[in-house]
2 protein chains.
Amino acid sequence: MSEKLQLHIIGCGSARPTKQSNQTSQILTQRGKQYMIDCGEGTQFQLRRQNMHINRMNHIFISHLHGDHFFGLIGLISTLGMLGRTAELCIHAMPEIEKLLNEMIKFCCQGMTYEIRFCPINPYKHELIYEDRTMEVYTIPLKHRVPCCGFLFKEKENQPHLIKDMIDFYKIPIAELAKIKNGADYITPDGEIVANNRLTTPADPIKSYAYCSDTAYSEKIIPIIEGVDCLYHEATFMKADEPRARLTCHSTTEHAATIAKLAQVKQLIIGHYSARYDEYESLLNEAKAIFPNTLLAIDGKDFEI
Amino acid sequence: MSEKLQLHIIGCGSARPTKQSNQTSQILTQRGKQYMIDCGEGTQFQLRRQNMHINRMNHIFISHLHGDHFFGLIGLISTLGMLGRTAELCIHAMPEIEKLLNEMIKFCCQGMTYEIRFCPINPYKHELIYEDRTMEVYTIPLKHRVPCCGFLFKEKENQPHLIKDMIDFYKIPIAELAKIKNGADYITPDGEIVANNRLTTPADPIKSYAYCSDTAYSEKIIPIIEGVDCLYHEATFMKADEPRARLTCHSTTEHAATIAKLAQVKQLIIGHYSARYDEYESLLNEAKAIFPNTLLAIDGKDFEI
């Protein structure tokens with residue numbers, strides 16, 4: 001199991017389907033735990049085509065209720081039921097989703113083997129909406145035609161690594177290990193004090209990932225995403241199509257790269273491409289001119305954060 | 001525009017997604033008019049991948065309300081709206097579909113440019129549910145875990161073809177042509193009688209197509225589909241998996257081929273393959289042993305009826 005934070009792009013197109021890009025969905029993986037972000041139509045087929053297994057996915061975060069970000073949920077929910085899933089699945093989304101999906105679930109997914117829990121989110125507020133032992137997830141209010149928010153995934157402070165040879169040498173009992181991980185020295189039965197820094201190596205640096213789609217250009221998000229290791233920012237349009245971006249509350253390549261630059265993020269991934277573009281290199285070049293460390297999202301691609 | 005009845009397979013898999021087969025959907029085309037049958041998740045993406053345009057599709061027939069036969073509707077409806085469709089779209093399906101879809105349509109497809117009309121069908125009755133100038137569509141009650149029906153498409157009596165050279169030679173006015181197509185002779189201004197058989201060639205034979213999915217083996221459908229030019233019959237399982245077919249109210253290859261044989265249809269297409277099979281040739285061979293003129297449905301394939 002990788003210790004790294006990994007991002008898998010299931011789909012990175014926008015609403016109108018194209019041959020190269022499915023509608024939006026991603027999987028963020030941390031130490032084997034998987035978090036799904038958005039779930040456009042066809043997400044379950046993309047997973048199959050991409051040989052992606054989601055056995056450890058218990059949380060789905062939906063940015064907003066436009067079809068290209070959630071129409072794949074009902075099919076995924078139904079298929080997970082057919083495959084005999086038993087673990088509860090939490091769907092973090094605008095409160096309206098429960099009413100929209102429940103009717104379908106009740107009618108189409110009879111005899112479900114697992115529970116679905118809807119966790120309503122307030123897209124207008126930047127707040128902690130989920131945490132577990134190793135991860136925190138915050139909302140990022142965005143500016144779109146409908147209530148919409150991004151998500152900031154922040155690893156919690158990592159613990160130092162134990163040096164196995166030293167643990168073995170001093171025959172340190174298991175009960176002591178948690179204290180050592182928390183910084184304690186070890187006192188041997190003979191009263192010898194072994195300093196913590198002889199028993200551990202420093203913790204891995206914590207990583208952070210911000211997902212911002214769909215959104216018009218908005219500098220309000222900068223304080224929230226400042227300095228993240230990786231920012232996914234939609235770039236639906238090229239600069240020349242800015243009037244269209246403005247009209248539809250989307251961003252251009254220039255917008256995405258400017259936000260990345262102002263927020264001093266370490267890496268930018270662009271995606272959510274309009275169906276009007278046959279190739280994405282031109283979008284990449286425009287963004288790179290402003291923020292050199294920009295990468296293109298591509299369906300099926302993995303990024304190490 | 002082809003005069004032939006043509007069947008295009010958009011997807012021919014069953015509920016669980018596989019790499020080779022999308023969920024069920026088909027397009028039947030007659031003289032440029034298109035009828036969609038079922039609409040599994042991802043249908044709009046398949047259409048795009050298969051370069052299939054549906055500008056002349058005004059009627060969708062849904063066999064039953066299992067997700068793999070209708071979860072693609074909401075995405076398709078939404079995308080057609082974005083593309084500026086104006087023609088009314090009729091959805092022929094069980095009455096419950098209206099409630100299931102309307103909530104989503106109201107919420108997700110604001111400012112729709114076209115009307116959707118729900119035409120409820122009674123799956124327990126064999127009856128005419130649609131007709132236009134050249135086509136009739138009848139329900140075929142099937143035997144499944146939920147209310148389910150197939151569809152019988154029957155071309156109406158075709159008209160004879162006018163012989164253009166003769167029409168030109170006698171300078172026959174346009175107003176007379178409809179009468180000649182209906183069998184009348186032509187009387188020239190000089191009183192000469194030109195016999196109808198000198199002005200026309202015989203009409204094309206009428207064709208018929210029966211779609212039967214999903215269904216357990218049921219001989220009750222035989223009187224309805226007897227002698228059709230083409231029968232699509234589900235063959236979810238191989239003969240060895242018959243217990244599973246029985247349990248899930250599906251058919252085996254043997255069932256499909258036996259129905260085709262007893263009903264003396266001219267051609268059988270099998271499909272709706274279970275995800276357990278990696279290749280379909282074995283299914284084809286089993287069916288062919290009973291009904292030699294059997295073909296395999298394959299995503300993206302066209303059949304001339």
# chains A, B, ... in the order shown; residues from 1 in each chain; ligands from 1
>>> closest_atom_pairs(of="chain A", to="chain B", cutoff="7 Å", atoms="only C-alpha atoms", output="Markdown table")
| residue | atom | partner | partner_atom | distance |
| --- | --- | --- | --- | --- |
| A:Arg16 | CA | B:Thr79 | CA | 6.5 |
| A:Pro17 | CA | B:Phe45 | CA | 5.8 |
| A:Thr18 | CA | B:Arg48 | CA | 6.5 |
| A:Lys19 | CA | B:Arg49 | CA | 5.4 |
| A:Glu41 | CA | B:Gly42 | CA | 6.3 |
| A:Gly42 | CA | B:Gly42 | CA | 5.0 |
| A:Phe45 | CA | B:Pro17 | CA | 5.9 |
| A:Arg48 | CA | B:Lys19 | CA | 6.4 |
| A:Arg49 | CA | B:Lys19 | CA | 5.4 |
| A:His66 | CA | B:Cys108 | CA | 6.1 |
| A:Gly67 | CA | B:Cys108 | CA | 6.5 |
| A:Phe71 | CA | B:Gly75 | CA | 6.8 |
| A:Gly75 | CA | B:Gly67 | CA | 6.8 |
| A:Thr79 | CA | B:Arg16 | CA | 6.5 |
| A:Leu100 | CA | B:Met104 | CA | 6.1 |
| A:Glu103 | CA | B:Leu100 | CA | 6.4 |
| A:Met104 | CA | B:Leu100 | CA | 6.1 |
| A:Cys108 | CA | B:His66 | CA | 6.2 |
>>> residues_around(residues="region 169-180 of chain B", least_positions_apart="4", cutoff="10 Å", atoms="only C-alpha atoms", output="ChimeraX atom specification")
/B:159-162,164-165,184-189,194-197,199-200
>>> residues_around(residues="Leu152 (chain A)", least_positions_apart="3", cutoff="12 Å", atoms="only C-alpha atoms", output="ChimeraX atom specification")
/A:28,35,37,61,63,126-131,135-141,149,155,207-213,221-233
>>> residues_around(residues="Thr134 (chain A)", least_positions_apart="3", cutoff="9 Å", atoms="only C-alpha atoms", output="short mmCIF file (atom, residue, chain, number, x, y, z; two decimals) with C-alpha atoms, in the first residue's frame")
data_model
loop_
_atom_site.label_atom_id
_atom_site.label_comp_id
_atom_site.auth_asym_id
_atom_site.auth_seq_id
_atom_site.Cartn_x
_atom_site.Cartn_y
_atom_site.Cartn_z
CA GLN A 30 -4.39 7.79 0.85
CA GLU A 131 -12.23 13.77 9.21
CA LYS A 154 -5.52 17.81 4.09
CA GLU A 155 -3.52 14.98 5.56
CA LYS A 156 -3.27 15.15 9.31
CA GLU A 157 0.12 15.44 10.98
CA ASN A 158 1.91 12.21 10.22
#
>>> select_by_dssp(residues="region 157-268 of chain A", states="strand (DSSP E)", output="list in words")
His161, Leu162, Tyr186, Ile187, Ile193, Val194, Thr200, Thr201, Ser208, Tyr209, Ala210, Tyr211, Cys212, Cys230, Leu231, Tyr232, His233, Glu234 and Leu268 of chain A
>>> residues_around(residues="Asn55 (chain A)", least_positions_apart="2", cutoff="12 Å", atoms="only C-alpha atoms", output="ChimeraX atom specification")
/A:27,29,32-36,47,52-53,57-59,80,83-89
>>> atom_distance(atom1="CA of Glu234 (chain A)", atom2="CA of Ile77 (chain B)")
24.6 Å
>>> closest_residue(among="A:Asn122, A:Asn293, A:Thr236, A:Thr24", to="Ala257 (chain A)", atoms="only C-alpha atoms")
A:Asn293
>>> atom_distance(atom1="CA of Leu247 (chain B)", atom2="CA of Glu286 (chain B)")
20.6 Å
>>> select_by_dssp(residues="region 138-209 of chain A", states="alpha helix (DSSP H)", output="NGL selection string")
:A and (164-169 or 174-181 or 196-199)
>>> atom_distance(atom1="CA of Asp132 (chain B)", atom2="CA of Gln264 (chain B)")
27.2 Å
